[in-house]
file start00.txt (compact mmCIF, C-alpha atoms)
# COMPACT_ATOMS: atom_id res chain seq x y z
CA MET A 1 -68.40 19.60 -5.31
CA PHE A 2 -67.92 17.11 -2.52
CA HIS A 3 -64.79 14.94 -2.81
CA PRO A 4 -64.00 12.54 0.05
CA GLY A 5 -60.34 12.57 -0.99
CA ASP A 6 -60.17 16.34 -0.41
CA GLU A 7 -61.99 15.95 2.90
CA LEU A 8 -59.46 13.35 4.01
CA SER A 9 -56.51 15.54 2.99
CA ALA A 10 -57.94 18.48 4.94
CA PHE A 11 -58.62 16.27 7.96
CA GLU A 12 -55.10 14.82 7.95
CA ALA A 13 -53.59 18.30 7.54
CA ASP A 14 -54.88 19.36 10.93
CA MET A 15 -54.39 16.06 12.71
CA ASP A 16 -53.05 16.63 16.16
CA GLY A 17 -50.67 13.97 17.43
CA ALA A 18 -52.66 11.07 16.03
CA GLY A 19 -51.00 7.75 15.33
CA GLY A 20 -53.69 6.74 12.87
CA VAL A 21 -56.62 7.94 10.85
CA VAL A 22 -59.60 5.84 9.76
CA SER A 23 -62.01 7.23 7.19
CA PHE A 24 -65.16 6.03 5.48
CA SER A 25 -66.55 7.39 2.22
CA GLY A 26 -70.09 6.42 1.23
CA TYR A 27 -71.32 6.58 -2.37
CA VAL A 28 -74.72 6.28 -4.02
CA ARG A 29 -74.86 2.73 -5.36
CA PRO A 30 -75.48 2.59 -9.11
CA ASN A 31 -78.10 -0.15 -8.87
CA THR A 32 -80.33 -2.22 -6.61
CA LYS A 33 -81.24 -5.87 -7.20
CA GLU A 34 -84.18 -4.80 -9.34
CA SER A 35 -83.29 -1.56 -11.08
CA ASN A 36 -80.79 1.16 -11.92
CA VAL A 37 -80.47 3.96 -9.40
CA ILE A 38 -80.57 7.43 -10.90
CA ALA A 39 -80.17 9.46 -7.69
CA LEU A 40 -80.90 9.72 -4.00
CA GLU A 41 -82.81 12.67 -2.56
CA LEU A 42 -81.92 13.48 1.03
CA GLN A 43 -84.06 15.62 3.31
CA ALA A 44 -82.93 16.99 6.67
CA TYR A 45 -84.65 18.94 9.44
CA SER A 46 -82.48 21.79 10.72
CA PRO A 47 -81.39 22.21 13.45
CA LEU A 48 -82.49 18.77 14.70
CA THR A 49 -80.28 16.98 12.16
CA GLU A 50 -77.14 18.97 13.02
CA ASN A 51 -77.75 18.84 16.77
CA GLY A 52 -78.22 15.07 16.66
CA ILE A 53 -75.00 14.54 14.72
CA GLN A 54 -73.12 16.83 17.11
CA ALA A 55 -74.44 14.85 20.11
CA ALA A 56 -73.28 11.59 18.47
CA LEU A 57 -69.81 13.09 17.89
CA ASP A 58 -69.69 14.21 21.53
CA ARG A 59 -70.56 10.67 22.65
CA ALA A 60 -67.78 9.27 20.47
CA MET A 61 -65.24 11.80 21.78
CA LYS A 62 -66.12 10.76 25.33
CA ARG A 63 -66.00 7.06 24.64
CA TRP A 64 -62.72 6.81 22.71
CA PRO A 65 -59.39 8.65 23.08
CA LEU A 66 -59.70 10.55 19.80
CA THR A 67 -57.67 13.51 18.61
CA GLY A 68 -60.10 14.35 15.80
CA LEU A 69 -63.46 13.35 14.41
CA ARG A 70 -65.27 14.69 11.37
CA VAL A 71 -68.55 14.07 9.53
CA ARG A 72 -69.67 15.55 6.23
CA HIS A 73 -73.08 14.56 4.92
CA ARG A 74 -74.79 15.83 1.80
CA ILE A 75 -78.48 16.59 1.39
CA GLY A 76 -80.58 17.31 -1.69
CA ARG A 77 -80.23 15.39 -4.93
CA ILE A 78 -77.15 13.19 -5.16
CA LEU A 79 -76.54 11.35 -8.39
CA SER A 80 -75.66 7.69 -8.70
CA GLY A 81 -71.93 7.19 -8.20
CA GLU A 82 -71.47 10.44 -6.27
CA ALA A 83 -70.22 10.58 -2.68
CA ILE A 84 -72.88 11.15 -0.04
CA VAL A 85 -71.03 10.89 3.27
CA PHE A 86 -67.54 11.17 4.72
CA VAL A 87 -66.50 10.18 8.25
CA ALA A 88 -62.97 10.32 9.66
CA ALA A 89 -61.55 9.57 13.11
CA ALA A 90 -58.00 10.18 14.34
CA SER A 91 -56.47 8.68 17.44
CA LYS A 92 -53.18 7.67 19.01
CA ARG A 93 -54.68 4.17 18.98
CA ARG A 94 -55.67 2.38 15.80
CA ARG A 95 -58.61 0.47 17.29
CA ALA A 96 -60.17 3.60 18.79
CA ALA A 97 -60.16 5.25 15.36
CA PHE A 98 -61.73 2.18 13.67
CA GLU A 99 -64.41 1.86 16.34
CA ALA A 100 -65.29 5.55 16.46
CA ALA A 101 -65.71 5.75 12.66
CA ASP A 102 -67.86 2.60 12.75
CA PHE A 103 -69.97 4.00 15.61
CA VAL A 104 -70.58 7.29 13.78
CA MET A 105 -71.59 5.47 10.58
CA ASP A 106 -74.05 3.29 12.52
CA TYR A 107 -75.49 6.46 14.06
CA LEU A 108 -75.86 8.07 10.61
CA LYS A 109 -77.55 4.96 9.18
CA THR A 110 -80.17 4.51 11.91
CA GLU A 111 -80.59 7.65 14.01
CA ALA A 112 -79.44 10.70 12.08
CA VAL A 113 -82.41 12.83 11.05
CA PHE A 114 -82.41 12.31 7.30
CA TRP A 115 -85.02 10.95 4.93
CA LYS A 116 -83.80 9.24 1.83
CA LYS A 117 -85.65 8.67 -1.40
CA GLU A 118 -84.20 6.47 -4.06
CA ILE A 119 -85.02 7.47 -7.63
CA THR A 120 -84.65 4.46 -9.92
CA SER A 121 -85.41 3.70 -13.53
CA ASP A 122 -88.60 2.00 -12.25
CA GLY A 123 -89.85 4.77 -9.95
CA ALA A 124 -89.10 6.21 -6.52
CA ASN A 125 -89.01 4.59 -3.06
CA TRP A 126 -88.41 5.92 0.43
CA ILE A 127 -85.51 4.01 1.98
CA GLU A 128 -85.65 3.19 5.68
CA PRO A 129 -82.98 1.47 7.76
CA ARG A 130 -82.87 -2.31 7.37
CA ARG A 131 -83.04 -4.72 10.30
CA GLU A 132 -79.27 -5.30 9.96
CA ASP A 133 -78.65 -1.56 10.32
CA TYR A 134 -80.51 -1.54 13.65
CA GLU A 135 -78.62 -4.69 14.75
CA ASP A 136 -75.31 -3.01 13.91
CA GLN A 137 -76.30 0.05 15.87
CA LYS A 138 -77.12 -2.04 18.98
CA ARG A 139 -73.46 -3.08 19.30
CA TRP A 140 -72.71 0.29 20.88
CA THR A 141 -75.37 0.34 23.60
CA MET B 142 -101.54 28.95 14.74
CA ALA B 143 -99.34 25.91 14.96
CA ARG B 144 -96.86 25.13 12.22
CA ILE B 145 -97.14 21.48 11.23
CA LEU B 146 -94.36 19.84 9.22
CA PHE B 147 -94.32 16.47 7.50
CA PHE B 148 -91.13 14.80 6.35
CA GLY B 149 -90.20 11.92 4.07
CA ARG B 150 -93.01 9.67 2.91
CA LEU B 151 -95.48 11.37 5.26
CA SER B 152 -95.30 14.58 3.20
CA GLU B 153 -96.25 12.59 0.10
CA LEU B 154 -99.07 10.85 1.98
CA ILE B 155 -100.53 14.15 3.20
CA GLY B 156 -99.76 16.05 0.00
CA PHE B 157 -97.78 18.95 1.52
CA ASP B 158 -94.74 19.37 3.73
CA GLU B 159 -95.72 22.37 5.80
CA ARG B 160 -98.93 24.09 6.87
CA GLU B 161 -100.12 26.62 9.46
CA LEU B 162 -103.11 25.16 11.27
CA ASP B 163 -105.34 26.48 14.00
CA LEU B 164 -105.53 23.61 16.49
CA PRO B 165 -108.98 22.93 17.94
CA HIS B 166 -109.25 23.42 21.71
CA HIS B 167 -109.24 19.71 22.44
CA VAL B 168 -105.90 19.25 20.63
CA ARG B 169 -103.27 20.12 23.22
CA ASP B 170 -101.01 17.06 23.24
CA THR B 171 -99.35 14.83 20.68
CA GLN B 172 -101.87 12.00 20.95
CA SER B 173 -104.89 14.23 20.30
CA LEU B 174 -102.96 15.90 17.45
CA ARG B 175 -102.29 12.51 15.86
CA GLU B 176 -105.96 11.58 16.09
CA TRP B 177 -107.20 14.92 14.80
CA LEU B 178 -104.85 15.08 11.80
CA ASP B 179 -105.36 11.43 10.94
CA SER B 180 -109.09 11.98 10.65
CA GLU B 181 -108.79 15.46 9.08
CA PHE B 182 -106.47 14.29 6.29
CA GLN B 183 -107.76 10.70 6.09
CA THR B 184 -104.39 9.06 6.50
CA ASP B 185 -105.92 5.74 7.49
CA GLY B 186 -104.22 5.38 10.88
CA GLU B 187 -100.74 6.18 9.57
CA LEU B 188 -100.33 9.27 11.75
CA LEU B 189 -101.28 7.22 14.84
CA LEU B 190 -98.30 4.88 14.46
CA SER B 191 -95.60 5.45 17.08
CA ILE B 192 -92.98 4.56 14.45
CA ASN B 193 -93.76 8.04 13.09
CA ARG B 194 -92.28 10.18 15.85
CA ILE B 195 -93.13 13.77 16.69
CA ALA B 196 -90.80 16.69 17.37
CA ILE B 197 -92.06 19.83 19.08
CA ASN B 198 -90.01 22.94 18.33
CA ALA B 199 -87.24 20.72 16.91
CA GLN B 200 -87.03 18.46 19.97
CA ILE B 201 -88.08 14.83 19.59
CA THR B 202 -90.76 14.10 22.19
CA GLN B 203 -91.69 11.08 24.19
CA GLU B 204 -95.40 10.32 23.97
CA ASN B 205 -97.69 11.93 25.12
CA ALA B 206 -96.26 15.48 25.18
CA ASP B 207 -98.18 18.71 25.70
CA LEU B 208 -98.27 21.24 22.91
CA SER B 209 -99.67 24.69 22.26
CA ASN B 210 -101.28 26.40 19.30
CA ALA B 211 -98.03 28.32 18.69
CA ASP B 212 -95.66 25.35 18.43
CA GLU B 213 -93.82 23.95 15.45
CA VAL B 214 -94.77 20.29 15.34
CA ALA B 215 -92.99 17.90 12.99
CA PHE B 216 -94.00 14.36 12.02
CA LEU B 217 -90.90 12.25 11.50
CA PRO B 218 -91.10 8.86 9.77
CA PRO B 219 -88.17 6.47 10.43
CA VAL B 220 -84.88 8.28 9.83
CA GLY B 221 -81.56 7.21 8.39
CA GLY B 222 -78.87 8.65 6.18
CA GLY B 223 -75.42 7.50 5.12

call {"tool": "encode", "arguments": {"input": "start00.txt", "output": "structure tokens"}}
result
Amino acid sequence: MFHPGDELSAFEADMDGAGGVVSFSGYVRPNTKESNVIALELQAYSPLTENGIQAALDRAMKRWPLTGLRVRHRIGRILSGEAIVFVAAASKRRRAAFEAADFVMDYLKTEAVFWKKEITSDGANWIEPRREDYEDQKRWT
Amino acid sequence: MARILFFGRLSELIGFDERELDLPHHVRDTQSLREWLDSEFQTDGELLLSINRIAINAQITQENADLSNADEVAFLPPVGGG
């Protein structure tokens, strides 16, 4: 089972000289405006998915003075209310950790090679990034 | 034989997520592959849309990339996780 709290504890246990840690835990929302969400189904394409995430982490490590950076992302069927993603950044500087975690989440939302299907009480829909997600992502270019 | 993969909603549109196909001689780049598959599987122009990107051997390509009859070619609709 995937527990963001355990991920955070493990990340903090091997923190190396950081002054701060920022983490983000993402969960499957229990409902949309119209219907109840039963689950998300996440597809990936190995090794493209992993390589892309690694390249994004490398970019973040270059851009900010980080002492640690971690991503965990689930695939397959993830039930409503369960955690889907965990991101943590550690740095001597608070702002670097906030920004790096934010950058990695924007990457995951708009560029990471995943396909996401939402299974609701009214049927299933493929979910693609929203315009706001792409706008958020542009802040880093 | 080329190995053709479809992900996300494209696999539902086509009706399968993976198939070995013998590419005709005139299909040796991504544009001709798009046109051939779109007419072969009657996807109504969907496979021609540049929003659906193509990866060759797990590398996302810029249009119009060369390909061979031994490549793994994946059709990737817009991505996003989190």

call {"tool": "residues_around", "arguments": {"input": "start00.txt", "residues": "Leu162 in chain B", "least_positions_apart": "2", "cutoff": "6 Å", "atoms": "only C-alpha atoms", "output": "compact mmCIF listing (two decimals) with C-alpha atoms, in the frame of the given file"}}
result
# COMPACT_ATOMS: atom_id res chain seq x y z
CA MET B 142 -101.54 28.95 14.74
CA ALA B 143 -99.34 25.91 14.96
CA LEU B 164 -105.53 23.61 16.49

call {"tool": "residues_around", "arguments": {"input": "start00.txt", "residues": "Arg77 in chain A", "least_positions_apart": "2", "cutoff": "10 Å", "atoms": "all atoms listed in the file", "output": "PDB file with C-alpha atoms, in the coordinates of the input"}}
result
ATOM      1  CA  ILE A  38     -80.570   7.430 -10.900  1.00  0.00           C
ATOM      2  CA  ALA A  39     -80.170   9.460  -7.690  1.00  0.00           C
ATOM      3  CA  LEU A  40     -80.900   9.720  -4.000  1.00  0.00           C
ATOM      4  CA  GLU A  41     -82.810  12.670  -2.560  1.00  0.00           C
ATOM      5  CA  LEU A  42     -81.920  13.480   1.030  1.00  0.00           C
ATOM      6  CA  GLN A  43     -84.060  15.620   3.310  1.00  0.00           C
ATOM      7  CA  ARG A  74     -74.790  15.830   1.800  1.00  0.00           C
ATOM      8  CA  ILE A  75     -78.480  16.590   1.390  1.00  0.00           C
ATOM      9  CA  LEU A  79     -76.540  11.350  -8.390  1.00  0.00           C
ATOM     10  CA  SER A  80     -75.660   7.690  -8.700  1.00  0.00           C
ATOM     11  CA  ILE A  84     -72.880  11.150  -0.040  1.00  0.00           C
ATOM     12  CA  LYS A 116     -83.800   9.240   1.830  1.00  0.00           C
ATOM     13  CA  LYS A 117     -85.650   8.670  -1.400  1.00  0.00           C
ATOM     14  CA  GLU A 118     -84.200   6.470  -4.060  1.00  0.00           C
ATOM     15  CA  ILE A 119     -85.020   7.470  -7.630  1.00  0.00           C
TER      16      ILE A 119
END

call {"tool": "interface_residues", "arguments": {"input": "start00.txt", "of": "chain B", "to": "chain A", "cutoff": "7 Å", "atoms": "all atoms listed in the file", "output": "number ranges by chain"}}
result
B: 149-150, 199-200, 219-223

call {"tool": "residues_near_point", "arguments": {"input": "start00.txt", "point": "(-61.0, 12.0, 21.6)", "cutoff": "10 Å", "atoms": "all atoms listed in the file", "output": "number ranges by chain"}}
result
A: 57-69, 89-92, 96-97, 100

call {"tool": "write_last_selection", "arguments": {"input": "start00.txt", "atoms": "C-alpha atoms", "output": "mmCIF file, in the frame of the given file"}}
result
data_model
loop_
_atom_site.group_PDB
_atom_site.id
_atom_site.type_symbol
_atom_site.label_atom_id
_atom_site.label_comp_id
_atom_site.auth_asym_id
_atom_site.auth_seq_id
_atom_site.Cartn_x
_atom_site.Cartn_y
_atom_site.Cartn_z
ATOM 1 C CA LEU A 57 -69.810 13.090 17.890
ATOM 2 C CA ASP A 58 -69.690 14.210 21.530
ATOM 3 C CA ARG A 59 -70.560 10.670 22.650
ATOM 4 C CA ALA A 60 -67.780 9.270 20.470
ATOM 5 C CA MET A 61 -65.240 11.800 21.780
ATOM 6 C CA LYS A 62 -66.120 10.760 25.330
ATOM 7 C CA ARG A 63 -66.000 7.060 24.640
ATOM 8 C CA TRP A 64 -62.720 6.810 22.710
ATOM 9 C CA PRO A 65 -59.390 8.650 23.080
ATOM 10 C CA LEU A 66 -59.700 10.550 19.800
ATOM 11 C CA THR A 67 -57.670 13.510 18.610
ATOM 12 C CA GLY A 68 -60.100 14.350 15.800
ATOM 13 C CA LEU A 69 -63.460 13.350 14.410
ATOM 14 C CA ALA A 89 -61.550 9.570 13.110
ATOM 15 C CA ALA A 90 -58.000 10.180 14.340
ATOM 16 C CA SER A 91 -56.470 8.680 17.440
ATOM 17 C CA LYS A 92 -53.180 7.670 19.010
ATOM 18 C CA ALA A 96 -60.170 3.600 18.790
ATOM 19 C CA ALA A 97 -60.160 5.250 15.360
ATOM 20 C CA ALA A 100 -65.290 5.550 16.460
#

call {"tool": "closest_residue", "arguments": {"input": "start00.txt", "among": "B:Ala215, B:Ile192, B:Leu174, B:Ile201", "to": "Ile145 in chain B", "atoms": "all atoms listed in the file"}}
result
B:Ala215

call {"tool": "residues_around", "arguments": {"input": "start00.txt", "residues": "His166 in chain B", "least_positions_apart": "5", "cutoff": "12 Å", "atoms": "only C-alpha atoms", "output": "list of chain:residue names"}}
result
B:Met142, B:Ser173, B:Leu174, B:Trp177, B:Leu208, B:Ser209, B:Asn210

call {"tool": "write_last_selection", "arguments": {"input": "start00.txt", "atoms": "C-alpha atoms", "output": "mmCIF file, in the coordinates of the input"}}
result
data_model
loop_
_atom_site.group_PDB
_atom_site.id
_atom_site.type_symbol
_atom_site.label_atom_id
_atom_site.label_comp_id
_atom_site.auth_asym_id
_atom_site.auth_seq_id
_atom_site.Cartn_x
_atom_site.Cartn_y
_atom_site.Cartn_z
ATOM 1 C CA MET B 142 -101.540 28.950 14.740
ATOM 2 C CA SER B 173 -104.890 14.230 20.300
ATOM 3 C CA LEU B 174 -102.960 15.900 17.450
ATOM 4 C CA TRP B 177 -107.200 14.920 14.800
ATOM 5 C CA LEU B 208 -98.270 21.240 22.910
ATOM 6 C CA SER B 209 -99.670 24.690 22.260
ATOM 7 C CA ASN B 210 -101.280 26.400 19.300
#

call {"tool": "atom_distance", "arguments": {"input": "start00.txt", "atom1": "CA of Glu204 in chain B", "atom2": "CA of Trp140 in chain A"}}
result
25.0 Å

call {"tool": "atom_distance", "arguments": {"input": "start00.txt", "atom1": "CA of Glu82 in chain A", "atom2": "CA of Lys138 in chain A"}}
result
28.7 Å

call {"tool": "residues_near_point", "arguments": {"input": "start00.txt", "point": "(-97.5, 19.6, 4.5)", "cutoff": "12 Å", "atoms": "all atoms listed in the file", "output": "PDB file with C-alpha atoms, in the coordinates of the input"}}
result
ATOM      1  CA  ARG B 144     -96.860  25.130  12.220  1.00  0.00           C
ATOM      2  CA  ILE B 145     -97.140  21.480  11.230  1.00  0.00           C
ATOM      3  CA  LEU B 146     -94.360  19.840   9.220  1.00  0.00           C
ATOM      4  CA  PHE B 147     -94.320  16.470   7.500  1.00  0.00           C
ATOM      5  CA  PHE B 148     -91.130  14.800   6.350  1.00  0.00           C
ATOM      6  CA  GLY B 149     -90.200  11.920   4.070  1.00  0.00           C
ATOM      7  CA  ARG B 150     -93.010   9.670   2.910  1.00  0.00           C
ATOM      8  CA  LEU B 151     -95.480  11.370   5.260  1.00  0.00           C
ATOM      9  CA  SER B 152     -95.300  14.580   3.200  1.00  0.00           C
ATOM     10  CA  GLU B 153     -96.250  12.590   0.100  1.00  0.00           C
ATOM     11  CA  LEU B 154     -99.070  10.850   1.980  1.00  0.00           C
ATOM     12  CA  ILE B 155    -100.530  14.150   3.200  1.00  0.00           C
ATOM     13  CA  GLY B 156     -99.760  16.050   0.000  1.00  0.00           C
ATOM     14  CA  PHE B 157     -97.780  18.950   1.520  1.00  0.00           C
ATOM     15  CA  ASP B 158     -94.740  19.370   3.730  1.00  0.00           C
ATOM     16  CA  GLU B 159     -95.720  22.370   5.800  1.00  0.00           C
ATOM     17  CA  ARG B 160     -98.930  24.090   6.870  1.00  0.00           C
ATOM     18  CA  GLU B 161    -100.120  26.620   9.460  1.00  0.00           C
ATOM     19  CA  LEU B 162    -103.110  25.160  11.270  1.00  0.00           C
ATOM     20  CA  LEU B 178    -104.850  15.080  11.800  1.00  0.00           C
ATOM     21  CA  PHE B 182    -106.470  14.290   6.290  1.00  0.00           C
ATOM     22  CA  VAL B 214     -94.770  20.290  15.340  1.00  0.00           C
ATOM     23  CA  ALA B 215     -92.990  17.900  12.990  1.00  0.00           C
ATOM     24  CA  PHE B 216     -94.000  14.360  12.020  1.00  0.00           C
TER      25      PHE B 216
END

call {"tool": "atom_distance", "arguments": {"input": "start00.txt", "atom1": "CA of Gly81 in chain A", "atom2": "CA of Val37 in chain A"}}
result
9.2 Å

call {"tool": "residues_around", "arguments": {"input": "start00.txt", "residues": "Ser191 in chain B", "least_positions_apart": "3", "cutoff": "12 Å", "atoms": "only C-alpha atoms", "output": "list in words"}}
result
Thr171, Gln172, Arg175, Gly186, Glu187, Leu188, Arg194, Ile195, Thr202, Gln203, Glu204, Asn205, Phe216, Leu217, Pro218 and Pro219 of chain B

call {"tool": "build_atoms", "arguments": {"input": "start00.txt", "residues": "range 88-115 of chain A", "atoms": "N, CA and C atoms", "output": "tab-separated table (two decimals), in the frame of the given file"}}
result
chain	number	residue	atom	x	y	z
A	88	ALA	N	-64.36	10.62	9.35
A	88	ALA	CA	-62.97	10.32	9.66
A	88	ALA	C	-62.73	10.45	11.16
A	89	ALA	N	-61.92	9.55	11.69
A	89	ALA	CA	-61.55	9.57	13.11
A	89	ALA	C	-60.05	9.45	13.22
A	90	ALA	N	-59.45	10.23	14.10
A	90	ALA	CA	-58.00	10.18	14.34
A	90	ALA	C	-57.77	9.89	15.81
A	91	SER	N	-56.77	9.04	16.05
A	91	SER	CA	-56.47	8.68	17.44
A	91	SER	C	-55.02	8.25	17.54
A	92	LYS	N	-54.50	8.28	18.78
A	92	LYS	CA	-53.18	7.67	19.01
A	92	LYS	C	-53.28	6.17	18.81
A	93	ARG	N	-54.49	5.62	19.04
A	93	ARG	CA	-54.68	4.17	18.98
A	93	ARG	C	-55.52	3.77	17.78
A	94	ARG	N	-55.00	2.83	17.03
A	94	ARG	CA	-55.67	2.38	15.80
A	94	ARG	C	-57.10	1.92	16.06
A	95	ARG	N	-57.29	1.05	17.08
A	95	ARG	CA	-58.61	0.47	17.29
A	95	ARG	C	-59.65	1.53	17.65
A	96	ALA	N	-59.24	2.53	18.41
A	96	ALA	CA	-60.17	3.60	18.79
A	96	ALA	C	-60.66	4.31	17.54
A	97	ALA	N	-59.77	4.55	16.59
A	97	ALA	CA	-60.16	5.25	15.36
A	97	ALA	C	-61.13	4.40	14.53
A	98	PHE	N	-60.82	3.09	14.40
A	98	PHE	CA	-61.73	2.18	13.67
A	98	PHE	C	-63.11	2.18	14.32
A	99	GLU	N	-63.12	2.00	15.65
A	99	GLU	CA	-64.41	1.86	16.34
A	99	GLU	C	-65.22	3.16	16.28
A	100	ALA	N	-64.57	4.28	16.46
A	100	ALA	CA	-65.29	5.55	16.46
A	100	ALA	C	-65.91	5.82	15.08
A	101	ALA	N	-65.17	5.53	14.01
A	101	ALA	CA	-65.71	5.75	12.66
A	101	ALA	C	-66.91	4.83	12.42
A	102	ASP	N	-66.79	3.59	12.89
A	102	ASP	CA	-67.86	2.60	12.75
A	102	ASP	C	-69.10	3.04	13.53
A	103	PHE	N	-68.89	3.50	14.75
A	103	PHE	CA	-69.97	4.00	15.61
A	103	PHE	C	-70.70	5.17	14.94
A	104	VAL	N	-69.95	6.11	14.40
A	104	VAL	CA	-70.58	7.29	13.78
A	104	VAL	C	-71.37	6.87	12.54
A	105	MET	N	-70.84	5.94	11.75
A	105	MET	CA	-71.59	5.47	10.58
A	105	MET	C	-72.88	4.76	10.99
A	106	ASP	N	-72.83	3.96	12.05
A	106	ASP	CA	-74.05	3.29	12.52
A	106	ASP	C	-75.07	4.32	13.00
A	107	TYR	N	-74.59	5.38	13.65
A	107	TYR	CA	-75.49	6.46	14.06
A	107	TYR	C	-76.14	7.09	12.81
A	108	LEU	N	-75.33	7.40	11.81
A	108	LEU	CA	-75.86	8.07	10.61
A	108	LEU	C	-76.90	7.20	9.91
A	109	LYS	N	-76.66	5.89	9.89
A	109	LYS	CA	-77.55	4.96	9.18
A	109	LYS	C	-78.91	4.81	9.86
A	110	THR	N	-78.93	4.88	11.20
A	110	THR	CA	-80.17	4.51	11.91
A	110	THR	C	-80.81	5.63	12.72
A	111	GLU	N	-80.04	6.65	13.10
A	111	GLU	CA	-80.59	7.65	14.01
A	111	GLU	C	-80.51	9.08	13.48
A	112	ALA	N	-79.59	9.33	12.56
A	112	ALA	CA	-79.44	10.70	12.08
A	112	ALA	C	-80.73	11.11	11.36
A	113	VAL	N	-81.11	12.36	11.54
A	113	VAL	CA	-82.41	12.83	11.05
A	113	VAL	C	-82.31	13.20	9.57
A	114	PHE	N	-82.38	12.16	8.76
A	114	PHE	CA	-82.41	12.31	7.30
A	114	PHE	C	-83.52	11.41	6.77
A	115	TRP	N	-84.10	11.82	5.65
A	115	TRP	CA	-85.02	10.95	4.93
A	115	TRP	C	-84.48	10.81	3.52
